[in-house]
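**Student:** Structure in structure tokens, see below.
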Amino acid sequence: MVEISREPFGEIEGRLIDRYTLANRHGLRVEVITYGGIIRAIWAPDRNGQLANVTLGFADLAGYLDQNDPYFGCIAGRYANRIANGRFTLDGETYQLPTNDGSNHLHGGVRGFDKRVWDAEEISEDGAAGVRLARVSPDGEEGYPGTLSTTVSYLLDDDNQLRIDYRAESDRPTIVNLTNHTYWNLSGEGSGSVEDHVLQLAASRYTPVDDSLTPTGELAQVQGTPFDFTTPTAIGARIREGHPQLLIGRGYDHNVVLDRAPGEATLIEAATLRDPDSGRVLTIWTTEPGIQFYSGGYLDGTLVGPSGRTYRQGDGAALETQHFPDSPSQPAFPSTVLRPGEVYASTTVLALAT
Ligand code: BGC
């Protein structure tokens with residue numbers, strides 16, 4: 001039985017923000033706030049049953065409202081990750097989106113889905129329970145065409161699985177790419193580096209980037225490079241190699257191409273992250289073609305988590321299930337176009353075990 005409780009979590013522009021806590025029979029707890037659809041904490045048992053919060057975040061709403069919030073736990077959209085020069089062409093029309101990351105558009109723009117208040121409703125399904133967030137993004141918001149009706153459901157079950165279902169529909173042709181931007185530290189947030197976490201990715205290719213971190217368009221083999229996580233390897237094992245792509249990303253900040261047939265969107269086991277200290281293991285299943293693996297290279301000791309401790313470089317890693325960055329301008333990448341009458345549907349399952 002998964003139990004749901006709700007408490008106030010502050011206020012923005014006269015709107016009250018709620019925090020929903022989903023708790024299952026193993027004591028695993030997931031906290032979600034209605035600002036940004038943010039996963040504010042996941043309390044997960046270690047091999048001895050001890051709970052720790054394994055996601056980076058802030059103690060209170062003010063942290064998330066600060067412009068220095070590096071997208072902790074949020075829903076990123078309408079287009080997660082980068083669009084080169086903020087520009088794309090769809091059906092012969094060129095759209096200019098705001099640039100908020102050097103010359104690029106990043107994570108939906110100046111005020112993306114991570115900085116919006118979502119409506120919430122409690123849901124239950126086959127013994128799982130959670131919250132469905134909904135928001136209608138008006139035509140033209142952050143430069144995107146089409147009124148986009150979006151829902152994001154977080155459903156926790158008694159097997160320590162959190163399922164995230166994304167749905168969206170538009171009244172005009174548009175582009176969509178949604179993800180959740182949780183940073184993981186399976187020893188507990190604030191406990192230090194995740195370089196000792198052992199990562200496995202079902203990806204024999206990745207998308208190399210230019211200096212501005214947007215894909216060159218190439219699908220490169222990982223074999224023989226520090227990007228080969230096809231067998232379990234510590235995040236830190238090769239992170240200090242002078243590979244040109246690691247220099248650009250301050251470590252890993254790259255999209256990997258999941259091994260699956262082109263166009264296939266079944267739920268596959270895409271990533272496993274294991275912490276040898278606590279014994280916690282995160283397994284990620286997704287219907288998406290890619291994952292942004294970001295090793296937290298821009299955390300610089302200026303942010304303080306709920307534990308009261310600061311986050312330094314590599315103190316958390318994000319594994320963002322997604323379509324590839326800049327897909328609208330890369331014809332060889334899987335399409336992110338959504339047309340009226342179609343339903344954008346994406347599912348990611350985050351399973352925590354020991
Ligand atoms: C991006 C990083 C960025 C981080 C926080 C990640 O998804 O790939 O480049 O620094 O989000 O904004």
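Letters A, B, ... mark the chains of the structure tokens in the order given; residue numbers begin at 1 per chain; ligand numbers begin at 1, in order shown.
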Residues of chain A within 9 Å of ligand 1: nearest atom pair and distance (Å, one decimal) for each, counting only C-alpha atoms and all ligand atoms, sorted by chain and number, as JSON lines?

**Tutor:**
```
{"residue": "A:Asp69", "atom": "CA", "partner": "ligand 1", "partner_atom_place_in_ligand_line": "12 (O)", "distance": 8.1}
{"residue": "A:Pro70", "atom": "CA", "partner": "ligand 1", "partner_atom_place_in_ligand_line": "5 (C)", "distance": 4.5}
{"residue": "A:Tyr71", "atom": "CA", "partner": "ligand 1", "partner_atom_place_in_ligand_line": "5 (C)", "distance": 5.6}
{"residue": "A:Phe72", "atom": "CA", "partner": "ligand 1", "partner_atom_place_in_ligand_line": "5 (C)", "distance": 8.0}
{"residue": "A:Ala76", "atom": "CA", "partner": "ligand 1", "partner_atom_place_in_ligand_line": "7 (O)", "distance": 8.6}
{"residue": "A:Ala80", "atom": "CA", "partner": "ligand 1", "partner_atom_place_in_ligand_line": "7 (O)", "distance": 7.4}
{"residue": "A:Asn81", "atom": "CA", "partner": "ligand 1", "partner_atom_place_in_ligand_line": "7 (O)", "distance": 5.5}
{"residue": "A:Arg82", "atom": "CA", "partner": "ligand 1", "partner_atom_place_in_ligand_line": "8 (O)", "distance": 7.6}
{"residue": "A:Asp101", "atom": "CA", "partner": "ligand 1", "partner_atom_place_in_ligand_line": "12 (O)", "distance": 8.7}
{"residue": "A:Leu106", "atom": "CA", "partner": "ligand 1", "partner_atom_place_in_ligand_line": "12 (O)", "distance": 7.6}
{"residue": "A:His107", "atom": "CA", "partner": "ligand 1", "partner_atom_place_in_ligand_line": "7 (O)", "distance": 7.4}
{"residue": "A:His181", "atom": "CA", "partner": "ligand 1", "partner_atom_place_in_ligand_line": "7 (O)", "distance": 6.9}
{"residue": "A:Leu213", "atom": "CA", "partner": "ligand 1", "partner_atom_place_in_ligand_line": "9 (O)", "distance": 7.1}
{"residue": "A:Gly249", "atom": "CA", "partner": "ligand 1", "partner_atom_place_in_ligand_line": "9 (O)", "distance": 7.2}
{"residue": "A:Tyr252", "atom": "CA", "partner": "ligand 1", "partner_atom_place_in_ligand_line": "8 (O)", "distance": 8.8}
{"residue": "A:Asp253", "atom": "CA", "partner": "ligand 1", "partner_atom_place_in_ligand_line": "8 (O)", "distance": 5.2}
{"residue": "A:His254", "atom": "CA", "partner": "ligand 1", "partner_atom_place_in_ligand_line": "8 (O)", "distance": 6.7}
{"residue": "A:Asn255", "atom": "CA", "partner": "ligand 1", "partner_atom_place_in_ligand_line": "8 (O)", "distance": 8.2}
{"residue": "A:Gln292", "atom": "CA", "partner": "ligand 1", "partner_atom_place_in_ligand_line": "8 (O)", "distance": 6.4}
{"residue": "A:Phe293", "atom": "CA", "partner": "ligand 1", "partner_atom_place_in_ligand_line": "8 (O)", "distance": 7.5}
{"residue": "A:Tyr294", "atom": "CA", "partner": "ligand 1", "partner_atom_place_in_ligand_line": "8 (O)", "distance": 5.9}
{"residue": "A:Ser295", "atom": "CA", "partner": "ligand 1", "partner_atom_place_in_ligand_line": "2 (C)", "distance": 8.9}
{"residue": "A:Gly296", "atom": "CA", "partner": "ligand 1", "partner_atom_place_in_ligand_line": "10 (O)", "distance": 7.4}
{"residue": "A:Gly297", "atom": "CA", "partner": "ligand 1", "partner_atom_place_in_ligand_line": "10 (O)", "distance": 7.5}
{"residue": "A:Tyr298", "atom": "CA", "partner": "ligand 1", "partner_atom_place_in_ligand_line": "10 (O)", "distance": 6.0}
{"residue": "A:Leu299", "atom": "CA", "partner": "ligand 1", "partner_atom_place_in_ligand_line": "10 (O)", "distance": 8.5}
{"residue": "A:Ala318", "atom": "CA", "partner": "ligand 1", "partner_atom_place_in_ligand_line": "7 (O)", "distance": 7.3}
{"residue": "A:Leu319", "atom": "CA", "partner": "ligand 1", "partner_atom_place_in_ligand_line": "7 (O)", "distance": 8.4}
{"residue": "A:Glu320", "atom": "CA", "partner": "ligand 1", "partner_atom_place_in_ligand_line": "7 (O)", "distance": 7.0}
{"residue": "A:Pro325", "atom": "CA", "partner": "ligand 1", "partner_atom_place_in_ligand_line": "8 (O)", "distance": 9.0}
```

**Student:** Quick one: everything within 9 Å of Leu65 in chain A, counting only C-alpha atoms, minus sequence neighbours fewer than 3 positions away in the same chain. Send it as a list in words.

**Tutor:**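 Within the cut-off, the hits are Ile12, Leu61, Ala62, Asn68, Asp69 and Lys115 of chain A.
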
**Student:** Could you please take those selected residues and save C-alpha atoms as a PDB file, in the first residue's frame?

**Tutor:**
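Contents of selection-v7.pdb, freshly written:
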```pdb
ATOM      1  CA  ILE A  12       5.058  31.924  -5.406  1.00  0.00           C
ATOM      2  CA  LEU A  61      11.290  26.633  -2.001  1.00  0.00           C
ATOM      3  CA  ALA A  62      13.632  29.637  -1.982  1.00  0.00           C
ATOM      4  CA  ASN A  68      21.453  29.380  -9.616  1.00  0.00           C
ATOM      5  CA  ASP A  69      19.326  26.248  -9.205  1.00  0.00           C
ATOM      6  CA  LYS A 115       9.779  27.164 -13.222  1.00  0.00           C
TER       7      LYS A 115
END
```

**Student:** Taking the chain letters and numbering used in this document, name the residues of range 55-302 of chain A that DSSP puts in alpha helix (DSSP H), as a VMD selection string.

**Tutor:** chain A and resid 61 to 65 244 to 248

**Student:** Could you write those residues out with N, CA and C atoms, as a PDB file, in the first residue's frame?

**Tutor:**
```pdb
ATOM      1  N   LEU A  61      11.650  26.152  -0.665  1.00  0.00           N
ATOM      2  CA  LEU A  61      11.290  26.633  -2.001  1.00  0.00           C
ATOM      3  C   LEU A  61      12.249  27.709  -2.497  1.00  0.00           C
ATOM      4  N   ALA A  62      12.745  28.539  -1.580  1.00  0.00           N
ATOM      5  CA  ALA A  62      13.632  29.637  -1.982  1.00  0.00           C
ATOM      6  C   ALA A  62      14.828  29.128  -2.784  1.00  0.00           C
ATOM      7  N   GLY A  63      15.354  27.978  -2.392  1.00  0.00           N
ATOM      8  CA  GLY A  63      16.475  27.397  -3.126  1.00  0.00           C
ATOM      9  C   GLY A  63      16.124  27.158  -4.583  1.00  0.00           C
ATOM     10  N   TYR A  64      14.918  26.620  -4.788  1.00  0.00           N
ATOM     11  CA  TYR A  64      14.499  26.296  -6.160  1.00  0.00           C
ATOM     12  C   TYR A  64      14.154  27.546  -6.968  1.00  0.00           C
ATOM     13  N   LEU A  65      13.811  28.640  -6.272  1.00  0.00           N
ATOM     14  CA  LEU A  65      13.468  29.876  -6.985  1.00  0.00           C
ATOM     15  C   LEU A  65      14.722  30.650  -7.374  1.00  0.00           C
ATOM     16  N   PRO A 244      39.206  14.954 -25.575  1.00  0.00           N
ATOM     17  CA  PRO A 244      38.662  16.289 -25.903  1.00  0.00           C
ATOM     18  C   PRO A 244      37.198  16.442 -25.508  1.00  0.00           C
ATOM     19  N   GLN A 245      36.398  15.386 -25.613  1.00  0.00           N
ATOM     20  CA  GLN A 245      34.974  15.506 -25.260  1.00  0.00           C
ATOM     21  C   GLN A 245      34.788  15.686 -23.747  1.00  0.00           C
ATOM     22  N   LEU A 246      35.683  15.098 -22.940  1.00  0.00           N
ATOM     23  CA  LEU A 246      35.585  15.283 -21.483  1.00  0.00           C
ATOM     24  C   LEU A 246      35.971  16.704 -21.086  1.00  0.00           C
ATOM     25  N   LEU A 247      36.845  17.328 -21.878  1.00  0.00           N
ATOM     26  CA  LEU A 247      37.236  18.716 -21.582  1.00  0.00           C
ATOM     27  C   LEU A 247      36.053  19.646 -21.819  1.00  0.00           C
ATOM     28  N   ILE A 248      35.325  19.385 -22.891  1.00  0.00           N
ATOM     29  CA  ILE A 248      34.186  20.259 -23.224  1.00  0.00           C
ATOM     30  C   ILE A 248      33.114  20.169 -22.138  1.00  0.00           C
TER      31      ILE A 248
END
```

**Student:** Considering only C-alpha atoms, can you say which of A:Ala261, A:Leu219, A:Ala351, A:Val337 comes closest to Thr283 in chain A?

**Tutor:**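 Using only C-alpha atoms, Thr283 in chain A sits closest to A:Ala351.
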
**Student:** Show me, as a list in words, the residues that have an atom within 6 Å of Pro340 in chain A when counting only C-alpha atoms, minus same-chain residues fewer than 3 positions from it.

**Tutor:**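 In the requested format, the answer is Ser170, Asp171 and Arg172 of chain A.
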
**Student:** Would you write out those residues with N, CA, C and O atoms, as a short mmCIF file (atom, residue, chain, number, x, y, z; two decimals), in the first residue's frame?

**Tutor:**
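Saved the output as again.cif:
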```cif
data_model
loop_
_atom_site.label_atom_id
_atom_site.label_comp_id
_atom_site.auth_asym_id
_atom_site.auth_seq_id
_atom_site.Cartn_x
_atom_site.Cartn_y
_atom_site.Cartn_z
N SER A 170 -0.80 18.83 -28.73
CA SER A 170 -0.67 20.20 -29.19
C SER A 170 -1.74 20.51 -30.24
O SER A 170 -2.18 19.61 -30.96
N ASP A 171 -2.13 21.79 -30.35
CA ASP A 171 -3.11 22.15 -31.37
C ASP A 171 -2.44 22.69 -32.65
O ASP A 171 -3.12 23.06 -33.60
N ARG A 172 -1.10 22.75 -32.63
CA ARG A 172 -0.33 23.11 -33.84
C ARG A 172 0.91 22.23 -33.88
O ARG A 172 1.38 21.78 -32.82
#
```

**Student:** Would you mind reading off the distance between CA of Thr231 in chain A and CA of Gly251 in chain A, one decimal, in Å?

**Tutor:**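 Separation between CA of Thr231 in chain A and CA of Gly251 in chain A: 18.8 Å.
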
**Student:** Report as a PyMOL selection string all protein, DNA and RNA residues lying within 7 Å of Ala41 in chain A, evaluated on only C-alpha atoms, omitting residues in the same chain fewer than 6 positions from it.

**Tutor:** chain A and resi 30-31+53+55

**Student:** For those residues, write C-alpha atoms to a file as an mmCIF file, in the first residue's frame.

**Tutor:**
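Full text of part.cif as output:
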```cif
data_model
loop_
_atom_site.group_PDB
_atom_site.id
_atom_site.type_symbol
_atom_site.label_atom_id
_atom_site.label_comp_id
_atom_site.auth_asym_id
_atom_site.auth_seq_id
_atom_site.Cartn_x
_atom_site.Cartn_y
_atom_site.Cartn_z
ATOM 1 C CA VAL A 30 9.371 10.207 -2.745
ATOM 2 C CA GLU A 31 8.716 13.923 -2.301
ATOM 3 C CA ASN A 53 17.903 11.046 0.610
ATOM 4 C CA THR A 55 18.748 13.057 -4.707
#
```

**Student:** Find the residue from A:Asn85, A:Ser187, A:Ser327, A:Gln96 that sits nearest to Thr207 in chain A; use only C-alpha atoms when measuring.

**Tutor:** A:Ser327

**Student:** Within range 270-347 of chain A, find each residue whose DSSP state, derived from the backbone, is strand (DSSP E or B), and express the selection as a count of residues only.

**Tutor:** 32

**Student:** With a distance cut-off of 7 Å and only C-alpha atoms, select the neighbouring residues of Ile235 in chain A, excluding the residue or stretch itself and same-chain residues fewer than 4 positions from it, and output the selection as a list in words.

**Tutor:**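 Near Ile235 in chain A, the qualifying residues are Glu195, Asp196, His197, Val198, Leu199 and Ile239 of chain A.
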
**Student:** Between CA of Arg15 in chain A and CA of Gly143 in chain A, what is the distance in Å, rounded to a tenth?

**Tutor:**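 Computed distance, CA of Arg15 in chain A to CA of Gly143 in chain A, equals 24.4 Å.
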
**Student:** Fewer than 5 positions away in the same chain doesn't count, so skip those; otherwise give me all residues within 10 Å of range 129-134 of chain A, counting only C-alpha atoms, as a PyMOL selection string.

**Tutor:** chain A and resi 1-5+20-24+30+32-34+36-37+117-124+149-158+162-168

**Student:** Of the candidates A:Thr287, A:Thr147, A:Thr225, A:Asn104, which shows the shortest atom-to-atom distance to Ala237 in chain A, using only C-alpha atoms?

**Tutor:**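 Nearest to Ala237 in chain A: A:Thr225.
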